[in-house]
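**Student:** To be precise about what I am sending: the file is called start_35.cif and holds mmCIF, C-alpha atoms and all ligand atoms.
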data_run
loop_
_atom_site.group_PDB
_atom_site.id
_atom_site.type_symbol
_atom_site.label_atom_id
_atom_site.label_comp_id
_atom_site.auth_asym_id
_atom_site.auth_seq_id
_atom_site.Cartn_x
_atom_site.Cartn_y
_atom_site.Cartn_z
ATOM 1 C CA MET A 89 112.433 87.366 97.332
ATOM 2 C CA LEU A 90 113.368 86.327 100.824
ATOM 3 C CA LEU A 91 110.589 86.719 103.361
ATOM 4 C CA ILE A 92 111.478 87.450 106.982
ATOM 5 C CA HIS A 93 109.059 86.962 109.852
ATOM 6 C CA CYS A 94 108.915 90.090 112.016
ATOM 7 C CA PRO A 95 107.973 89.163 115.588
ATOM 8 C CA TYR A 96 106.395 92.605 116.100
ATOM 9 C CA CYS A 97 104.399 92.778 112.857
ATOM 10 C CA GLU A 98 103.556 89.098 113.357
ATOM 11 C CA GLU A 99 103.894 88.236 109.689
ATOM 12 C CA GLU A 100 106.407 87.547 106.955
ATOM 13 C CA ARG A 101 107.569 90.656 105.165
ATOM 14 C CA PRO A 102 109.849 91.263 102.159
ATOM 15 C CA GLU A 103 113.582 91.399 102.891
ATOM 16 C CA MET A 104 113.824 94.890 101.363
ATOM 17 C CA GLU A 105 112.146 96.292 104.482
ATOM 18 C CA PHE A 106 114.884 94.919 106.779
ATOM 19 C CA ARG A 107 118.440 95.756 107.803
ATOM 20 C CA HIS A 108 120.998 93.437 109.295
ATOM 21 C CA ALA A 109 122.358 94.856 112.562
ATOM 22 C CA GLY A 110 125.253 92.658 113.684
ATOM 23 C CA GLU A 111 125.722 89.839 116.138
ATOM 24 C CA ALA A 112 123.077 89.361 118.825
ATOM 25 C CA HIS A 113 123.346 88.596 122.538
ATOM 26 C CA LEU A 114 126.526 90.590 123.112
ATOM 27 C CA GLU A 115 126.627 91.782 126.682
ATOM 28 C CA ARG A 116 128.499 94.926 127.641
ATOM 29 C CA PRO A 117 130.789 94.251 130.606
ATOM 30 C CA LYS A 118 129.463 96.017 133.712
ATOM 31 C CA ASN A 119 132.989 96.933 134.845
ATOM 32 C CA ILE A 120 134.075 98.162 131.426
ATOM 33 C CA ALA A 121 136.495 100.792 132.799
ATOM 34 C CA GLU A 122 138.465 98.151 134.692
ATOM 35 C CA ILE A 123 138.840 95.388 132.128
ATOM 36 C CA SER A 124 142.097 94.854 130.212
ATOM 37 C CA ASP A 125 142.600 96.075 126.662
ATOM 38 C CA GLU A 126 142.501 92.475 125.502
ATOM 39 C CA ALA A 127 139.204 91.849 127.231
ATOM 40 C CA PHE A 128 137.792 95.075 125.816
ATOM 41 C CA ALA A 129 138.943 94.158 122.306
ATOM 42 C CA ALA A 130 137.313 90.761 122.670
ATOM 43 C CA TYR A 131 134.022 92.399 123.633
ATOM 44 C CA PHE A 132 134.151 95.337 121.242
ATOM 45 C CA PHE A 133 135.856 94.137 118.069
ATOM 46 C CA TYR A 134 135.937 90.364 117.829
ATOM 47 C CA ARG A 135 132.977 88.580 116.342
ATOM 48 C CA ASP A 136 132.247 84.952 115.691
ATOM 49 C CA ASN A 137 131.906 83.969 112.073
ATOM 50 C CA PRO A 138 130.736 80.396 112.161
ATOM 51 C CA LYS A 139 129.658 78.253 109.259
ATOM 52 C CA GLY A 140 126.162 77.298 110.311
ATOM 53 C CA VAL A 141 123.803 78.855 112.814
ATOM 54 C CA VAL A 142 124.333 82.466 113.810
ATOM 55 C CA PHE A 143 122.324 84.679 116.129
ATOM 56 C CA GLU A 144 121.888 88.157 114.702
ATOM 57 C CA ARG A 145 120.151 91.430 115.352
ATOM 58 C CA TRP A 146 117.916 92.624 112.554
ATOM 59 C CA ARG A 147 115.848 95.746 112.261
ATOM 60 C CA HIS A 148 112.527 96.052 110.476
ATOM 61 C CA LEU A 149 113.666 99.484 109.372
ATOM 62 C CA HIS A 150 111.041 100.222 106.705
ATOM 63 C CA GLY A 151 108.251 98.573 108.676
ATOM 64 C CA CYS A 152 107.619 98.754 112.409
ATOM 65 C CA ALA A 153 111.227 100.020 112.853
ATOM 66 C CA ARG A 154 111.888 97.552 115.705
ATOM 67 C CA PHE A 155 115.112 95.659 116.375
ATOM 68 C CA PHE A 156 114.650 91.941 116.902
ATOM 69 C CA ASN A 157 116.815 88.823 116.869
ATOM 70 C CA ALA A 158 117.108 86.037 114.363
ATOM 71 C CA ALA A 159 118.758 82.637 114.162
ATOM 72 C CA ARG A 160 120.023 82.122 110.629
ATOM 73 C CA ASP A 161 122.001 79.433 108.870
ATOM 74 C CA THR A 162 124.930 81.000 107.023
ATOM 75 C CA VAL A 163 125.192 77.998 104.699
ATOM 76 C CA SER A 164 121.622 77.914 103.436
ATOM 77 C CA ASP A 165 120.757 81.552 104.306
ATOM 78 C CA LYS A 166 117.600 80.192 105.909
ATOM 79 C CA PHE A 167 116.076 82.009 108.826
ATOM 80 C CA LEU A 168 115.517 79.300 111.458
ATOM 81 C CA THR A 169 113.501 81.549 113.713
ATOM 82 C CA THR A 170 113.048 85.175 114.762
ATOM 83 C CA TYR A 171 112.193 86.470 118.218
ATOM 84 C CA LYS A 172 111.716 89.737 120.072
ATOM 85 C CA ALA A 173 114.671 91.663 121.447
ATOM 86 C CA GLY A 174 115.382 90.761 125.064
ATOM 87 C CA GLN A 175 114.249 87.163 124.729
ATOM 88 C CA PRO A 176 116.820 84.426 125.375
ATOM 89 C CA LYS A 177 118.498 82.441 122.625
ATOM 90 C CA PRO A 178 116.028 79.813 121.430
ATOM 91 C CA ASP A 179 116.958 76.130 121.563
ATOM 92 C CA LEU A 180 117.967 75.130 118.044
ATOM 93 C CA VAL A 181 119.671 71.808 118.722
ATOM 94 C CA GLY A 182 119.640 69.753 115.566
ATOM 95 C CA ALA A 183 118.165 72.517 113.446
ATOM 96 C CA ALA A 184 121.456 73.790 112.062
ATOM 97 C CA ASN A 185 122.404 71.234 109.487
ATOM 98 C CA MET A 186 119.065 69.646 108.910
ATOM 99 C CA ASN A 187 117.382 72.844 107.748
ATOM 100 C CA ILE A 188 114.316 72.241 109.846
ATOM 101 C CA PRO A 189 112.571 75.100 111.590
ATOM 102 C CA ALA A 190 113.159 75.576 115.309
ATOM 103 C CA LYS A 191 110.342 74.417 117.568
ATOM 104 C CA SER A 192 109.741 77.917 118.877
ATOM 105 C CA GLY A 193 109.859 79.503 115.412
ATOM 106 C CA LYS A 194 106.725 80.835 113.798
ATOM 107 C CA SER A 195 108.103 81.592 110.367
ATOM 108 C CA GLY A 196 109.430 78.198 109.400
ATOM 109 C CA LYS A 197 111.800 79.878 106.977
ATOM 110 C CA MET B 88 107.253 152.019 97.164
ATOM 111 C CA VAL B 89 107.025 148.527 98.516
ATOM 112 C CA GLU B 90 104.531 146.322 96.826
ATOM 113 C CA ALA B 91 102.498 144.008 99.008
ATOM 114 C CA THR B 92 103.120 140.367 98.309
ATOM 115 C CA THR B 93 100.912 137.482 99.233
ATOM 116 C CA LEU B 94 102.531 134.151 99.834
ATOM 117 C CA GLN B 95 100.516 131.110 99.065
ATOM 118 C CA ARG B 96 101.262 127.644 100.317
ATOM 119 C CA THR B 97 101.062 125.055 97.553
ATOM 120 C CA LEU B 98 101.219 121.308 97.583
ATOM 121 C CA PRO B 99 104.469 119.902 96.164
ATOM 122 C CA LEU B 100 102.493 117.985 93.560
ATOM 123 C CA GLU B 101 99.939 120.718 92.890
ATOM 124 C CA GLY B 102 98.084 120.135 89.644
ATOM 125 C CA ARG B 103 99.799 116.857 88.755
ATOM 126 C CA VAL B 104 97.571 114.071 87.588
ATOM 127 C CA SER B 105 98.190 110.885 85.700
ATOM 128 C CA SER B 106 95.222 108.962 84.558
ATOM 129 C CA GLY B 107 94.641 105.945 82.427
ATOM 130 C CA PRO B 108 91.824 103.503 81.861
ATOM 131 C CA ARG B 109 92.639 101.354 84.890
ATOM 132 C CA VAL B 110 94.425 103.605 87.340
ATOM 133 C CA THR B 111 94.456 107.285 88.336
ATOM 134 C CA ILE B 112 97.244 108.938 90.308
ATOM 135 C CA ARG B 113 96.650 112.328 91.895
ATOM 136 C CA PRO B 114 97.887 114.307 94.892
ATOM 137 C CA ALA B 115 95.713 114.196 98.004
ATOM 138 C CA PRO B 116 94.445 117.502 99.446
ATOM 139 C CA THR B 117 96.269 119.114 102.372
ATOM 140 C CA ALA B 118 95.931 117.391 105.728
ATOM 141 C CA GLN B 119 97.115 117.683 109.293
ATOM 142 C CA ARG B 120 99.461 114.901 110.300
ATOM 143 C CA VAL B 121 101.004 113.875 113.573
ATOM 144 C CA SER B 122 103.713 111.346 114.277
ATOM 145 C CA LEU B 123 102.603 109.831 117.557
ATOM 146 C CA ARG B 124 104.638 107.747 120.016
ATOM 147 C CA ALA B 125 102.960 106.411 123.142
ATOM 148 C CA SER B 126 103.586 103.515 125.484
ATOM 149 C CA ALA B 127 100.870 101.013 126.324
ATOM 150 C CA ASP B 128 99.823 102.816 129.515
ATOM 151 C CA ALA B 129 99.146 106.063 127.614
ATOM 152 C CA VAL B 130 97.056 104.508 124.839
ATOM 153 C CA SER B 131 93.639 104.949 126.449
ATOM 154 C CA ALA B 132 94.229 108.600 127.430
ATOM 155 C CA VAL B 133 95.547 109.470 123.971
ATOM 156 C CA SER B 134 92.623 107.624 122.346
ATOM 157 C CA LYS B 135 90.208 109.694 124.421
ATOM 158 C CA GLY B 136 91.901 112.936 123.398
ATOM 159 C CA LEU B 137 91.891 112.001 119.718
ATOM 160 C CA GLY B 138 88.370 110.651 119.718
ATOM 161 C CA VAL B 139 89.648 107.510 117.980
ATOM 162 C CA ASP B 140 90.797 104.296 119.653
ATOM 163 C CA LEU B 141 94.459 103.779 118.747
ATOM 164 C CA PRO B 142 94.725 100.445 116.891
ATOM 165 C CA ILE B 143 97.111 98.103 118.677
ATOM 166 C CA THR B 144 97.124 95.333 116.082
ATOM 167 C CA PRO B 145 99.844 95.362 113.411
ATOM 168 C CA LYS B 146 98.847 96.836 110.028
ATOM 169 C CA GLN B 147 95.473 98.077 111.276
ATOM 170 C CA SER B 148 93.976 101.557 111.196
ATOM 171 C CA ALA B 149 91.031 103.211 112.919
ATOM 172 C CA ARG B 150 88.874 105.975 111.570
ATOM 173 C CA ALA B 151 86.386 108.519 112.912
ATOM 174 C CA GLY B 152 85.023 111.045 110.437
ATOM 175 C CA ALA B 153 87.899 112.756 108.633
ATOM 176 C CA ARG B 154 90.473 111.442 111.105
ATOM 177 C CA ALA B 155 92.481 108.256 110.609
ATOM 178 C CA VAL B 156 94.991 106.640 112.951
ATOM 179 C CA LEU B 157 97.473 104.237 111.337
ATOM 180 C CA TRP B 158 99.440 101.640 113.312
ATOM 181 C CA LEU B 159 103.115 101.864 112.283
ATOM 182 C CA GLY B 160 104.826 100.018 115.132
ATOM 183 C CA PRO B 161 104.192 98.722 118.665
ATOM 184 C CA ASP B 162 104.314 102.274 120.090
ATOM 185 C CA GLU B 163 104.024 104.377 116.948
ATOM 186 C CA TRP B 164 101.117 105.748 114.906
ATOM 187 C CA LEU B 165 100.564 108.207 112.057
ATOM 188 C CA VAL B 166 97.477 110.355 112.575
ATOM 189 C CA ILE B 167 95.910 112.028 109.541
ATOM 190 C CA GLU B 168 93.176 114.645 109.862
ATOM 191 C CA GLU B 169 91.621 115.700 106.575
ATOM 192 C CA GLY B 170 88.932 117.869 108.157
ATOM 193 C CA GLU B 171 88.960 121.048 110.189
ATOM 194 C CA ARG B 172 89.323 119.661 113.716
ATOM 195 C CA ASP B 173 92.576 120.804 115.317
ATOM 196 C CA LEU B 174 94.635 117.670 115.783
ATOM 197 C CA LEU B 175 97.234 119.020 118.204
ATOM 198 C CA ALA B 176 94.603 120.806 120.316
ATOM 199 C CA ASP B 177 92.683 117.530 120.687
ATOM 200 C CA LEU B 178 95.873 115.663 121.583
ATOM 201 C CA GLY B 179 96.717 118.380 124.101
ATOM 202 C CA ARG B 180 93.749 117.282 126.174
ATOM 203 C CA ALA B 181 95.187 113.790 126.668
ATOM 204 C CA LYS B 182 96.458 113.517 130.228
ATOM 205 C CA ALA B 183 99.375 111.159 129.721
ATOM 206 C CA LEU B 184 103.055 111.140 128.820
ATOM 207 C CA TYR B 185 103.468 110.690 125.070
ATOM 208 C CA SER B 186 105.108 112.368 122.098
ATOM 209 C CA ALA B 187 103.256 114.052 119.214
ATOM 210 C CA VAL B 188 105.162 115.770 116.424
ATOM 211 C CA ASP B 189 103.376 117.766 113.740
ATOM 212 C CA VAL B 190 104.569 116.401 110.381
ATOM 213 C CA SER B 191 101.801 117.960 108.259
ATOM 214 C CA HIS B 192 104.309 119.560 105.915
ATOM 215 C CA ARG B 193 107.001 116.907 106.076
ATOM 216 C CA ASN B 194 104.667 114.502 104.313
ATOM 217 C CA THR B 195 102.516 114.759 101.279
ATOM 218 C CA ALA B 196 100.169 112.135 99.914
ATOM 219 C CA ILE B 197 99.315 110.578 96.586
ATOM 220 C CA VAL B 198 96.046 108.771 95.966
ATOM 221 C CA VAL B 199 96.252 105.794 93.638
ATOM 222 C CA SER B 200 92.850 104.543 92.531
ATOM 223 C CA GLY B 201 91.270 102.201 90.032
ATOM 224 C CA PRO B 202 91.176 98.470 89.342
ATOM 225 C CA ALA B 203 94.937 98.410 88.623
ATOM 226 C CA ALA B 204 95.894 100.415 91.752
ATOM 227 C CA ALA B 205 97.438 97.448 93.598
ATOM 228 C CA ASP B 206 99.316 96.275 90.491
ATOM 229 C CA THR B 207 100.689 99.771 89.946
ATOM 230 C CA LEU B 208 101.939 99.987 93.534
ATOM 231 C CA ASN B 209 103.420 96.501 93.316
ATOM 232 C CA ALA B 210 105.763 97.762 90.606
ATOM 233 C CA GLY B 211 107.777 99.236 93.480
ATOM 234 C CA CYS B 212 106.246 97.941 96.692
ATOM 235 C CA PRO B 213 107.218 94.360 97.574
ATOM 236 C CA GLN B 214 104.322 93.706 99.963
ATOM 237 C CA ASP B 215 101.434 91.373 99.227
ATOM 238 C CA LEU B 216 98.600 93.785 98.384
ATOM 239 C CA SER B 217 95.910 91.163 97.804
ATOM 240 C CA LEU B 218 92.692 91.835 99.711
ATOM 241 C CA GLU B 219 93.434 88.804 101.900
ATOM 242 C CA ALA B 220 96.831 90.110 103.039
ATOM 243 C CA PHE B 221 96.111 93.839 102.815
ATOM 244 C CA PRO B 222 92.375 94.410 103.282
ATOM 245 C CA VAL B 223 90.536 97.731 103.230
ATOM 246 C CA GLY B 224 91.757 99.704 106.266
ATOM 247 C CA ALA B 225 95.176 97.995 106.283
ATOM 248 C CA CYS B 226 98.203 100.258 106.564
ATOM 249 C CA SER B 227 101.939 99.800 106.715
ATOM 250 C CA ARG B 228 105.225 101.579 106.504
ATOM 251 C CA THR B 229 107.044 99.967 103.593
ATOM 252 C CA VAL B 230 109.080 100.842 100.501
ATOM 253 C CA LEU B 231 108.224 102.101 97.009
ATOM 254 C CA GLY B 232 111.202 101.784 94.699
ATOM 255 C CA LYS B 233 114.017 103.589 96.485
ATOM 256 C CA ILE B 234 111.951 105.460 99.068
ATOM 257 C CA GLU B 235 110.066 104.746 102.259
ATOM 258 C CA ILE B 236 106.308 105.288 102.242
ATOM 259 C CA VAL B 237 103.287 104.659 104.431
ATOM 260 C CA LEU B 238 100.640 102.792 102.493
ATOM 261 C CA TYR B 239 96.982 102.914 103.534
ATOM 262 C CA ARG B 240 94.168 101.133 101.715
ATOM 263 C CA THR B 241 91.038 103.266 102.010
ATOM 264 C CA ALA B 242 88.844 101.228 99.639
ATOM 265 C CA GLU B 243 89.187 98.045 97.603
ATOM 266 C CA ASP B 244 90.752 99.939 94.715
ATOM 267 C CA VAL B 245 91.997 103.099 96.478
ATOM 268 C CA PHE B 246 95.361 103.508 98.235
ATOM 269 C CA ARG B 247 96.851 106.516 99.950
ATOM 270 C CA VAL B 248 100.631 106.780 99.621
ATOM 271 C CA GLU B 249 102.189 109.013 102.285
ATOM 272 C CA CYS B 250 105.743 110.040 101.503
ATOM 273 C CA TRP B 251 108.191 112.719 102.498
ATOM 274 C CA ARG B 252 107.640 115.957 100.634
ATOM 275 C CA SER B 253 111.124 115.964 99.114
ATOM 276 C CA PHE B 254 110.568 112.453 97.713
ATOM 277 C CA SER B 255 107.169 113.214 96.226
ATOM 278 C CA GLN B 256 108.351 114.009 92.683
ATOM 279 C CA TYR B 257 110.114 110.655 92.582
ATOM 280 C CA ALA B 258 107.086 108.845 94.001
ATOM 281 C CA PHE B 259 104.708 110.440 91.514
ATOM 282 C CA ALA B 260 106.967 109.810 88.519
ATOM 283 C CA PHE B 261 107.532 106.211 89.610
ATOM 284 C CA LEU B 262 103.798 105.539 89.951
ATOM 285 C CA ALA B 263 102.949 107.299 86.678
ATOM 286 C CA GLU B 264 105.578 105.215 84.863
ATOM 287 C CA ALA B 265 104.339 102.016 86.499
ATOM 288 C CA ALA B 266 100.750 102.873 85.513
ATOM 289 C CA ARG B 267 101.678 103.043 81.836
ATOM 290 C CA ALA B 268 102.210 99.310 81.795
ATOM 291 C CA ARG B 269 98.960 98.416 83.615
HETATM 292 ZN ZN ZN C 1 107.953 94.688 112.001
#
Would you encode the structure as structure tokens?

**Tutor:**
Amino acid sequence: MLLIHCPYCEEERPEMEFRHAGEAHLERPKNIAEISDEAFAAYFFYRDNPKGVVFERWRHLHGCARFFNAARDTVSDKFLTTYKAGQPKPDLVGAANMNIPAKSGKSGK
Amino acid sequence: MVEATTLQRTLPLEGRVSSGPRVTIRPAPTAQRVSLRASADAVSAVSKGLGVDLPITPKQSARAGARAVLWLGPDEWLVIEEGERDLLADLGRAKALYSAVDVSHRNTAIVVSGPAAADTLNAGCPQDLSLEAFPVGACSRTVLGKIEIVLYRTAEDVFRVECWRSFSQYAFAFLAEAARAR
């Protein structure tokens, strides 16, 4: 079973307690009523789907119930690090293809 | 003529018991329960009202007499009162902004006890229930098979499983089936 480190519970917990919740760090345009349809579509519908590191929202639904963010490698399915909602993207340079944990990561998974 | 009728409230698992040499599964008696949400600045006032310091460390509980407070999340607790003290009246004395919802009858509880209690629960609960990872007093919202539960270890070989009333038949049957193999 995959173990995921919850930054609020401060420990690794079984994947069955978690839900994936889409791409992280999407910012809603402040002038959303004025932007073009194309710009709105880009914000609302289009998502990156890279091979490698992705930044995602996850929710510890059957645990502390908190949303948090995770950096995950879509090739290896490894969680590089997890961090609390609202925190900036962690620096993961070099971590993507080498499968090494990020410096700021606690879980090491 | 109208005949007088007396309604009696019964536990959803009234009378059920499953017992074997290494594990016993039985419904817990009735209890008052409150789902509590409070931000950090309300914690001390709410603690004073309850007469129990709200635990602020993940997976920890606090207890005073027949009252237990279980940490569920950074601003969320489950309070269980098995005695006579009025839980909501005590909370009403807390001078702070917080939310307390009476869930006494939403939940019911199953007590799993005996040397194989942890093994029985692990048939459907994926958490590490060793004494190192889940010591006496530890508590957590988690899953049991297909349902969500709150698990609370009250002694080395005794666990309280809190689940929603409508899921309790499933929870009991699951645990009884798991116990057969222990
Ligand atoms: Zn958590």

**Student:** Could you report the residues within 6 Å of ligand ZN 1 (chain C), using only C-alpha atoms and all ligand atoms, as a PDB file with C-alpha atoms, keeping the file's coordinate frame?

**Tutor:**
ATOM      1  CA  CYS A  94     108.915  90.090 112.016  1.00  0.00           C
ATOM      2  CA  TYR A  96     106.395  92.605 116.100  1.00  0.00           C
ATOM      3  CA  CYS A  97     104.399  92.778 112.857  1.00  0.00           C
ATOM      4  CA  HIS A 148     112.527  96.052 110.476  1.00  0.00           C
ATOM      5  CA  GLY A 151     108.251  98.573 108.676  1.00  0.00           C
ATOM      6  CA  CYS A 152     107.619  98.754 112.409  1.00  0.00           C
TER       7      CYS A 152
END

**Student:** Using all atoms listed in the file, which chain B residues lie at most 9 Å away from chain A, written as a PDB file with C-alpha atoms, in the coordinates of the input?

**Tutor:**
ATOM      1  CA  THR B 144      97.124  95.333 116.082  1.00  0.00           C
ATOM      2  CA  PRO B 145      99.844  95.362 113.411  1.00  0.00           C
ATOM      3  CA  LYS B 146      98.847  96.836 110.028  1.00  0.00           C
ATOM      4  CA  TRP B 158      99.440 101.640 113.312  1.00  0.00           C
ATOM      5  CA  LEU B 159     103.115 101.864 112.283  1.00  0.00           C
ATOM      6  CA  GLY B 160     104.826 100.018 115.132  1.00  0.00           C
ATOM      7  CA  PRO B 161     104.192  98.722 118.665  1.00  0.00           C
ATOM      8  CA  GLU B 163     104.024 104.377 116.948  1.00  0.00           C
ATOM      9  CA  PRO B 213     107.218  94.360  97.574  1.00  0.00           C
ATOM     10  CA  GLN B 214     104.322  93.706  99.963  1.00  0.00           C
ATOM     11  CA  ASP B 215     101.434  91.373  99.227  1.00  0.00           C
ATOM     12  CA  SER B 227     101.939  99.800 106.715  1.00  0.00           C
ATOM     13  CA  ARG B 228     105.225 101.579 106.504  1.00  0.00           C
ATOM     14  CA  THR B 229     107.044  99.967 103.593  1.00  0.00           C
ATOM     15  CA  VAL B 230     109.080 100.842 100.501  1.00  0.00           C
ATOM     16  CA  GLU B 235     110.066 104.746 102.259  1.00  0.00           C
ATOM     17  CA  ILE B 236     106.308 105.288 102.242  1.00  0.00           C
ATOM     18  CA  VAL B 237     103.287 104.659 104.431  1.00  0.00           C
TER      19      VAL B 237
END

**Student:** Would you list the contacts of Leu98 of chain B as a PyMOL selection string, taking every protein, DNA or RNA residue within 12 Å and counting only C-alpha atoms, but skipping same-chain residues closer than 2 positions in sequence?

**Tutor:** chain B and resi 95-96+100-103+113-118+191-197+252-253+255-256

**Student:** Can you measure atom CA of Glu264 of chain B to atom CA of Trp251 of chain B for me? One decimal in Å is fine.

**Tutor:**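 Distance between the two atoms: 19.3 Å.
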
**Student:** Using Å and a single decimal, report how far atom CA of Leu216 of chain B sits from atom CA of Leu238 of chain B.

**Tutor:** 10.1 Å

**Student:** Evaluate the PyMOL selection byres (((chain B and resi 172) around 12) and not hetatm) here and jot the selected residues down as a PyMOL selection string.

**Tutor:** chain B and resi 118-120+137-138+151-154+167-171+173-178

**Student:** How about saving the chosen residues, C-alpha atoms kept, as a compact mmCIF listing (two decimals), in the coordinates of the input?

**Tutor:**
# COMPACT_ATOMS: atom_id res chain seq x y z
CA ALA B 118 95.93 117.39 105.73
CA GLN B 119 97.12 117.68 109.29
CA ARG B 120 99.46 114.90 110.30
CA LEU B 137 91.89 112.00 119.72
CA GLY B 138 88.37 110.65 119.72
CA ALA B 151 86.39 108.52 112.91
CA GLY B 152 85.02 111.04 110.44
CA ALA B 153 87.90 112.76 108.63
CA ARG B 154 90.47 111.44 111.10
CA ILE B 167 95.91 112.03 109.54
CA GLU B 168 93.18 114.64 109.86
CA GLU B 169 91.62 115.70 106.58
CA GLY B 170 88.93 117.87 108.16
CA GLU B 171 88.96 121.05 110.19
CA ASP B 173 92.58 120.80 115.32
CA LEU B 174 94.64 117.67 115.78
CA LEU B 175 97.23 119.02 118.20
CA ALA B 176 94.60 120.81 120.32
CA ASP B 177 92.68 117.53 120.69
CA LEU B 178 95.87 115.66 121.58

**Student:** With only C-alpha atoms as the basis for distance, which of A:Ala158, A:Ile123, A:Ala173, A:Leu90 is at the shortest distance from Val141 of chain A?

**Tutor:** A:Ala158

**Student:** Could you check which of B:Gly179, B:Pro202, B:Gly211, B:Pro99 is closest to Ala263 of chain B, using all atoms listed in the file?

**Tutor:**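 For Ala263 of chain B, the nearest of the candidates is B:Gly211.
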
**Student:** Can you list what the PyMOL selection byres (((chain B and resi 187) around 7) and not hetatm) grabs from this structure, as a list in words?

**Tutor:**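 Written out, the selection comes to Val121, Ser122, Leu123, Arg124, Tyr185, Ser186, Val188 and Asp189 of chain B.
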
**Student:** One decimal, Å: what's the distance from atom CA of Arg240 of chain B over to atom CA of Val223 of chain B, could you say?

**Tutor:**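 Interatomic distance here is 5.2 Å.
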
**Student:** If you apply the PyMOL selection byres (((chain A and resi 113) around 12) and not hetatm) to this file, what residues do you get, as an MDAnalysis selection string?

**Tutor:** chainID A and resid 109:112 114:116 131 135:136 142:145 156:159 172:178

**Student:** Could you list, as a list of chain:residue names, every residue within 8 Å of segment 161-163 of chain A, counting only C-alpha atoms and ignoring same-chain residues fewer than 4 positions away?

**Tutor:**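 The residues satisfying every condition are A:Pro138, A:Lys139, A:Gly140, A:Val141, A:Val142, A:Phe167, A:Leu168, A:Ala184.
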